[in-house]
Structures are given as structure tokens and as C-alpha cells.
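Written below as C-alpha cells is the structure these notes are about.
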Amino acid sequence: MLTIKVLGSGCENCKKLEEAARQAVADMRVEAEVIKVTDYAEMMTYPLLSTPGLVVNEKLVASGRIPTEAEIMTWLANALEAA
Amino acid sequence: MTTLSTNPQSHSTKQTMLIATSLAAAWIAAYNLIQPLANWIAYTALGLSQDSRFGESLAFFLYDVPKILLLLSGMIFIISIVRSFFSAERTRSLLGGKREGVGNILAAMLGIVTPFCSCSAVPLFIGFVEAGIPLGVTFSFLIAAPTINEVAIVMLLGMFGWRVAGLYILSGLSIAIIAGLIMGRLKMEKYVADFVWKVHRTVNVTEEKPTWNARITQAGISVKEIVGKVWLYVVIGIAIGAGIHGYMPEAALVQIMGRQAWWSVPAAVLLGIPLYSNAAGMIPIVSALLEKGASLGTALAFMMSVIGLSLPEAVILRRVLKMPLLVTFFSVIAIAIMLTGFLFNWIL
């Protein structure tokens, strides 16, 4: 089971990232929980300077841009291997 | 650890280069065709007279819309490529340990080239504070980044030429530096939200260098996104501008927006506040107003206010700034904008 966090205040880009993450999860048919983090204090425990940020199993994999679904799928696959 | 760019290559580098080159060639061809085409439609196909007000307005509209949209696409592409060499992380490390003064100047300049979206203002602010960057320097960056806006630069370049575009950048830089210096003097650290001071992360943020293929692909995406967002405002703005161009009498605005009317500068700043984020639509209108006797300083103050004094940004920053600091911050920017407006009215 993967834990995916979307870090962002709820702006347009964060919504797009959340959508892409959910799509990647659905396409890979993996079990994953997608959590939205909008609280800045919590967000700032990850090493990011710009939003949106994507965290897979507590590791920040991207920030400040919307990665493609293919990229997200690579990170999910890596996280599954590591687990 | 952040992996900043490991774009999977949907196109090979060769394919990307080929697409980019053909688009560039098409761009140059289209740019050279719009003037004759606009004249042909207005005066030949529709048979309007060259002296008629409607004909003049229509030709102006038909020429300006494609010209500005083409310029926007081309320039945003180039700006995105340039920005791919900068990042918030690199900017933060460049500003770390800089004193006030030098730091403010550097921060304002980095504000132009660092990729920035106002939704990232809070994490960025916290990250700068965390790195020990002085508050005033941080504010210089936070003012310059949204105020010196790429869409505005390109539109000014297209409608007024490089001198006004340059003046706009220069006044944006001065406002950011002056306001940041003042904010630094005011020693308002205690009005920063308490949780901000508690952020201490030990993990180093590392970046991966994007490939040229990734830079070009990303720049293409930015062009689509930004032009997709502003094109309608550009069209409406130019339509209103074209109407003013054709129908309003010359020098009609000298009395109310000319340089003798000192109160026009603060009035322009106030008027600009509720018009945030509509720079794309405002600039063609401002361009037409200038033609009818408004002064450049007043027009610049108005544009700066439209772009720089944004209420949504204030709402976002409220999360990290207590009310007295937030109010001071926006007042100082407003005053700095007015000063630049007066300055340009005086020297130009």
C-alpha cells in the first residue's frame, strides 16, 4: 500500500497534480491512498520551496511543477520495489 | 531529495528539435504575413475606406491580435527556456548570506528570472526565512517576481517597443528594491506567523539538471498554458483599445491623465488594485489611452498597480504574515509604485 501526498494550498496546479496522481494509481492498479496536504506547517516538513509537491511514501519526488503521468508511474513503481 | 526533471521522453531529442525548428519557421512566416493580411481584409475584402474610423479600428485590431499572440507564444517560449536554468532552490542559495542592500538588488533581479507562481509565495517565503535571508531581501524577491510579469513585458514590447518595456522592468526593479529596503528597516520580524520560525529542515534539496529535450518540451507546455489563459483578455483588450484608437478625440485625456494632473498617479494606483491579474487585457487599453494624452508615468503606475497589488496574493500571504505586516507590506508597495509614477512623469 502506497501513501501519496499532494502538497499545495489548493491552487489550480495542485488540483491538476492530484488528478494526474489518481490517474497513475488507477492505471497501475496499485493500492494507494492519495492525501491532500494543505496545511503549510505540515507541508514545510518536506524539503520543498515551491508548490505543488508530490510525496510518495514520505519521499518528496517532485516540486514546483506538474510531472507527467508517466513520471508519476515510474516513481510509484520505484516505491513499490523499495517497499 | 527533489528530482526536478526526469521527464520521460515522449519525443526523441531529434524529433523535438525538428518540431521546434518547423514551428520557428512557421512563426517567422506568419509574423511577416499579418500586416498585409490585416490591410487586405479591412480595405480590400471588406472594401472599407482607409480614412474611415471603422476601417482604421478594424485594421488595427486585425493586425494587433495576431501580432501580440504570436509575440506572446514566441517570447514565452524563450523566457521559459531561460527560466529552466534557474530554480527557487538555486535562488535561495544565491541569496543566502547576502547583506541588505546587495541582497535586495540581487533578489529583485532574480525575481525576474526565477520561475514563480503566486501560489508558491508561502513555501518560498518560509524557505527564505529558514535559510536566514533577511526579511527585507525576501520581500524584494516577493515583489519583483510577480510584478515584473512576462506577459506584461511581451505586450509592452509589442505595443510600445523596447524602451517602454525596459522602463517597465526598471520601475519594477526599483519598486522591489526600495520597498524591500524600507521593509527591512521597519524590523517587523515579530509580525511573521510564529510557525514560520520553527521550520528547520536538514535535508538538502538537490536538483537534477534537465536535458535540452525536457527544457524545450516544458517550454512548449508553458506557452500553451499561458497563452491559453490570456488570449481572450488580449482579444477583448485590443478590441477596446482599437475602439479608443479610432473614435476618441486626440488629447482627450490630457486634462485627467496628463502629467499636469498630479492626482492621476494615486488615482491610477487605486483603480489598479481591483483589476489584478488582468494585465493582458489592460495593456492594450493603456496603450490607446497613452495615444490620447495620458502620461507615461501615470500609465506605468497603473500597470504596476494592476499587476503588483494583487488581492489574491494578499490572501495567500496572510497565512504567514500577521495583519500589521501584511498591511505595511502592501502600503509600502503602493507608495513605491506612486513614487515611480511621479518620477517618470517628471523626467520623461
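Following the order of the C-alpha cells, chains are lettered A, B, ..., residues in each are numbered from 1, and ligands are numbered from 1.
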
>> Using DSSP assignments from the backbone, pull out every residue in chain A that falls under alpha helix (DSSP H) and give it to me as an MDAnalysis selection string.
In response: chainID A and resid 12:28 40:43 69:82

Create the file for the chosen residues now, containing N, CA and C atoms and written as an mmCIF file, in the first residue's frame.
```
data_model
loop_
_atom_site.group_PDB
_atom_site.id
_atom_site.type_symbol
_atom_site.label_atom_id
_atom_site.label_comp_id
_atom_site.auth_asym_id
_atom_site.auth_seq_id
_atom_site.Cartn_x
_atom_site.Cartn_y
_atom_site.Cartn_z
ATOM 1 N N GLU A 12 -4.819 25.784 -8.713
ATOM 2 C CA GLU A 12 -5.138 25.046 -9.927
ATOM 3 C C GLU A 12 -4.136 23.916 -10.192
ATOM 4 N N ASN A 13 -2.838 24.259 -10.043
ATOM 5 C CA ASN A 13 -1.793 23.275 -10.320
ATOM 6 C C ASN A 13 -1.847 22.080 -9.376
ATOM 7 N N CYS A 14 -2.243 22.363 -8.105
ATOM 8 C CA CYS A 14 -2.315 21.255 -7.152
ATOM 9 C C CYS A 14 -3.433 20.295 -7.549
ATOM 10 N N LYS A 15 -4.539 20.858 -8.042
ATOM 11 C CA LYS A 15 -5.654 20.002 -8.459
ATOM 12 C C LYS A 15 -5.249 19.140 -9.648
ATOM 13 N N LYS A 16 -4.495 19.767 -10.582
ATOM 14 C CA LYS A 16 -4.043 19.014 -11.752
ATOM 15 C C LYS A 16 -3.116 17.888 -11.327
ATOM 16 N N LEU A 17 -2.239 18.180 -10.369
ATOM 17 C CA LEU A 17 -1.296 17.160 -9.904
ATOM 18 C C LEU A 17 -2.039 16.020 -9.218
ATOM 19 N N GLU A 18 -3.037 16.380 -8.418
ATOM 20 C CA GLU A 18 -3.798 15.346 -7.725
ATOM 21 C C GLU A 18 -4.490 14.431 -8.742
ATOM 22 N N GLU A 19 -5.048 15.056 -9.766
ATOM 23 C CA GLU A 19 -5.711 14.286 -10.824
ATOM 24 C C GLU A 19 -4.734 13.310 -11.482
ATOM 25 N N ALA A 20 -3.546 13.835 -11.845
ATOM 26 C CA ALA A 20 -2.534 13.004 -12.504
ATOM 27 C C ALA A 20 -2.130 11.845 -11.593
ATOM 28 N N ALA A 21 -1.983 12.129 -10.291
ATOM 29 C CA ALA A 21 -1.579 11.084 -9.350
ATOM 30 C C ALA A 21 -2.654 9.997 -9.264
ATOM 31 N N ARG A 22 -3.909 10.428 -9.161
ATOM 32 C CA ARG A 22 -5.003 9.454 -9.071
ATOM 33 C C ARG A 22 -5.095 8.621 -10.348
ATOM 34 N N GLN A 23 -4.864 9.269 -11.485
ATOM 35 C CA GLN A 23 -4.905 8.565 -12.764
ATOM 36 C C GLN A 23 -3.806 7.508 -12.813
ATOM 37 N N ALA A 24 -2.601 7.899 -12.365
ATOM 38 C CA ALA A 24 -1.470 6.962 -12.375
ATOM 39 C C ALA A 24 -1.767 5.758 -11.489
ATOM 40 N N VAL A 25 -2.362 6.019 -10.323
ATOM 41 C CA VAL A 25 -2.721 4.932 -9.403
ATOM 42 C C VAL A 25 -3.732 3.992 -10.059
ATOM 43 N N ALA A 26 -4.721 4.588 -10.713
ATOM 44 C CA ALA A 26 -5.761 3.779 -11.353
ATOM 45 C C ALA A 26 -5.175 2.946 -12.490
ATOM 46 N N ASP A 27 -4.305 3.571 -13.295
ATOM 47 C CA ASP A 27 -3.734 2.864 -14.439
ATOM 48 C C ASP A 27 -2.830 1.716 -14.011
ATOM 49 N N MET A 28 -2.128 1.912 -12.894
ATOM 50 C CA MET A 28 -1.205 0.861 -12.454
ATOM 51 C C MET A 28 -1.904 -0.185 -11.603
ATOM 52 N N TYR A 40 0.306 24.521 5.808
ATOM 53 C CA TYR A 40 1.679 24.902 5.475
ATOM 54 C C TYR A 40 2.700 24.321 6.447
ATOM 55 N N ALA A 41 2.343 24.276 7.739
ATOM 56 C CA ALA A 41 3.303 23.764 8.719
ATOM 57 C C ALA A 41 3.662 22.314 8.386
ATOM 58 N N GLU A 42 2.658 21.533 8.005
ATOM 59 C CA GLU A 42 2.925 20.135 7.650
ATOM 60 C C GLU A 42 3.679 20.044 6.323
ATOM 61 N N MET A 43 3.245 20.885 5.391
ATOM 62 C CA MET A 43 3.870 20.896 4.069
ATOM 63 C C MET A 43 5.367 21.160 4.169
ATOM 64 N N GLU A 69 2.077 11.934 -16.132
ATOM 65 C CA GLU A 69 1.579 10.714 -15.522
ATOM 66 C C GLU A 69 2.624 9.606 -15.621
ATOM 67 N N ALA A 70 3.351 9.585 -16.748
ATOM 68 C CA ALA A 70 4.385 8.567 -16.932
ATOM 69 C C ALA A 70 5.455 8.680 -15.855
ATOM 70 N N GLU A 71 5.855 9.906 -15.542
ATOM 71 C CA GLU A 71 6.849 10.099 -14.483
ATOM 72 C C GLU A 71 6.326 9.589 -13.155
ATOM 73 N N ILE A 72 5.082 9.952 -12.867
ATOM 74 C CA ILE A 72 4.492 9.532 -11.594
ATOM 75 C C ILE A 72 4.478 8.015 -11.508
ATOM 76 N N MET A 73 4.161 7.377 -12.635
ATOM 77 C CA MET A 73 4.109 5.913 -12.639
ATOM 78 C C MET A 73 5.491 5.326 -12.338
ATOM 79 N N THR A 74 6.545 5.958 -12.875
ATOM 80 C CA THR A 74 7.905 5.494 -12.579
ATOM 81 C C THR A 74 8.181 5.579 -11.083
ATOM 82 N N TRP A 75 7.801 6.704 -10.466
ATOM 83 C CA TRP A 75 8.066 6.873 -9.029
ATOM 84 C C TRP A 75 7.272 5.865 -8.198
ATOM 85 N N LEU A 76 6.040 5.624 -8.620
ATOM 86 C CA LEU A 76 5.221 4.643 -7.891
ATOM 87 C C LEU A 76 5.858 3.260 -7.994
ATOM 88 N N ALA A 77 6.328 2.917 -9.189
ATOM 89 C CA ALA A 77 6.954 1.614 -9.386
ATOM 90 C C ALA A 77 8.205 1.501 -8.523
ATOM 91 N N ASN A 78 9.023 2.574 -8.492
ATOM 92 C CA ASN A 78 10.225 2.579 -7.657
ATOM 93 C C ASN A 78 9.879 2.382 -6.189
ATOM 94 N N ALA A 79 8.822 3.065 -5.744
ATOM 95 C CA ALA A 79 8.429 2.977 -4.338
ATOM 96 C C ALA A 79 7.955 1.561 -4.010
ATOM 97 N N LEU A 80 7.263 0.932 -4.944
ATOM 98 C CA LEU A 80 6.780 -0.431 -4.726
ATOM 99 C C LEU A 80 7.957 -1.389 -4.595
ATOM 100 N N GLU A 81 8.986 -1.171 -5.418
ATOM 101 C CA GLU A 81 10.167 -2.013 -5.370
ATOM 102 C C GLU A 81 10.886 -1.870 -4.041
ATOM 103 N N ALA A 82 10.998 -0.601 -3.605
ATOM 104 C CA ALA A 82 11.732 -0.311 -2.370
ATOM 105 C C ALA A 82 11.001 -0.866 -1.147
#
```

Determine, for each residue of chain A having at least one atom at most 7 Å from an atom of chain B, the closest pair of atoms and their separation in Å to one decimal, counting only C-alpha atoms; order by chain and ascending number, as a tab-separated table.
```
residue	atom	partner	partner_atom	distance
A:Cys11	CA	B:Cys119	CA	6.5
A:Ala41	CA	B:Phe195	CA	6.7
A:Met44	CA	B:Val199	CA	6.9
A:Thr45	CA	B:Arg201	CA	6.7
A:Pro47	CA	B:Val205	CA	6.3
A:Leu49	CA	B:Leu124	CA	4.9
A:Ser50	CA	B:Ser120	CA	4.9
A:Thr51	CA	B:Ser120	CA	5.3
A:Leu60	CA	B:Thr2	CA	5.9
A:Val61	CA	B:Thr2	CA	5.3
A:Ala62	CA	B:Thr2	CA	5.6
A:Ser63	CA	B:Leu4	CA	6.9
A:Ala70	CA	B:Pro8	CA	6.8
A:Glu71	CA	B:Pro8	CA	6.3
```

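Separating atom CA of Lys98 of chain B from atom CA of Phe141 of chain B is a distance of 13.0 Å.
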
> So which residues touch segment 51-57 of chain B within 7 Å, counting only C-alpha atoms, skipping near sequence neighbours fewer than 3 positions away, as an MDAnalysis selection string?
Replying inline: chainID B and resid 42 48 60:61 242:243 245:247

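With atom CA of Ile175 of chain B on one side and atom CA of Gly64 of chain A on the other, the separation reads 26.2 Å.
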
Give me the segment 126-242 of chain B side of the contact with segment 110-113 of chain B, cut-off 8 Å, one line per residue showing its nearest atom pair and distance in Å at one decimal, counting only C-alpha atoms, sorted by chain and residue number, as CSV.
```
residue,atom,partner,partner_atom,distance
B:Phe141,CA,B:Gly111,CA,5.1
B:Leu142,CA,B:Gly111,CA,7.2
B:Ile143,CA,B:Gly111,CA,7.8
B:Ala144,CA,B:Gly111,CA,5.0
B:Ala145,CA,B:Gly111,CA,4.1
B:Pro146,CA,B:Gly111,CA,7.8
B:Ile148,CA,B:Ile112,CA,6.1
B:Asn149,CA,B:Ile112,CA,7.7
```

Run DSSP on the backbone and tell me which residues of chain A come out as strand (DSSP E or B); list them as a short mmCIF file (atom, residue, chain, number, x, y, z; two decimals) with C-alpha atoms, in the first residue's frame.
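Here's the written file selection-v1.cif:
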```cif
data_model
loop_
_atom_site.label_atom_id
_atom_site.label_comp_id
_atom_site.auth_asym_id
_atom_site.auth_seq_id
_atom_site.Cartn_x
_atom_site.Cartn_y
_atom_site.Cartn_z
CA LEU A 2 1.48 3.32 -1.10
CA THR A 3 0.90 6.66 0.55
CA ILE A 4 0.84 9.54 -1.88
CA LYS A 5 0.67 13.13 -0.69
CA VAL A 6 -0.13 16.13 -2.82
CA LEU A 7 1.32 19.26 -1.20
CA ALA A 32 -2.62 3.66 -2.74
CA GLU A 33 -4.02 6.36 -0.55
CA VAL A 34 -3.91 9.88 -2.00
CA ILE A 35 -3.83 12.56 0.69
CA LYS A 36 -4.03 16.30 0.09
CA VAL A 37 -1.84 18.37 2.40
CA GLY A 53 4.77 18.97 -4.39
CA LEU A 54 4.39 15.22 -4.72
CA VAL A 55 5.37 12.84 -1.94
CA VAL A 56 5.45 9.07 -2.39
CA LYS A 59 9.78 10.94 -0.04
CA LEU A 60 9.41 14.20 -1.98
CA VAL A 61 9.74 13.24 -5.64
CA ALA A 62 8.79 16.47 -7.41
CA SER A 63 8.09 20.09 -6.57
#
```

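Near Asn213 of chain B, within 8 Å and counting only C-alpha atoms, sit Gln9, Ser12, Thr13, Thr16 and Met17 of chain B; same-chain residues fewer than 6 positions away were not included.
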
Restrict the selected residues to C-alpha atoms and save them as a CSV table (one decimal), in the first residue's frame.
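Full text of out_7.csv as output:
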```
chain,number,residue,atom,x,y,z
B,9,GLN,CA,10.9,11.4,-23.4
B,12,SER,CA,13.3,11.8,-29.0
B,13,THR,CA,15.7,14.8,-28.9
B,16,THR,CA,11.8,17.7,-30.5
B,17,MET,CA,14.4,19.7,-32.3
```

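Proximity to Trp346 of chain B was assessed for B:Ser331, B:Leu271, B:Pro266, B:Gln260 counting only C-alpha atoms; the smallest distance is recorded for B:Gln260.
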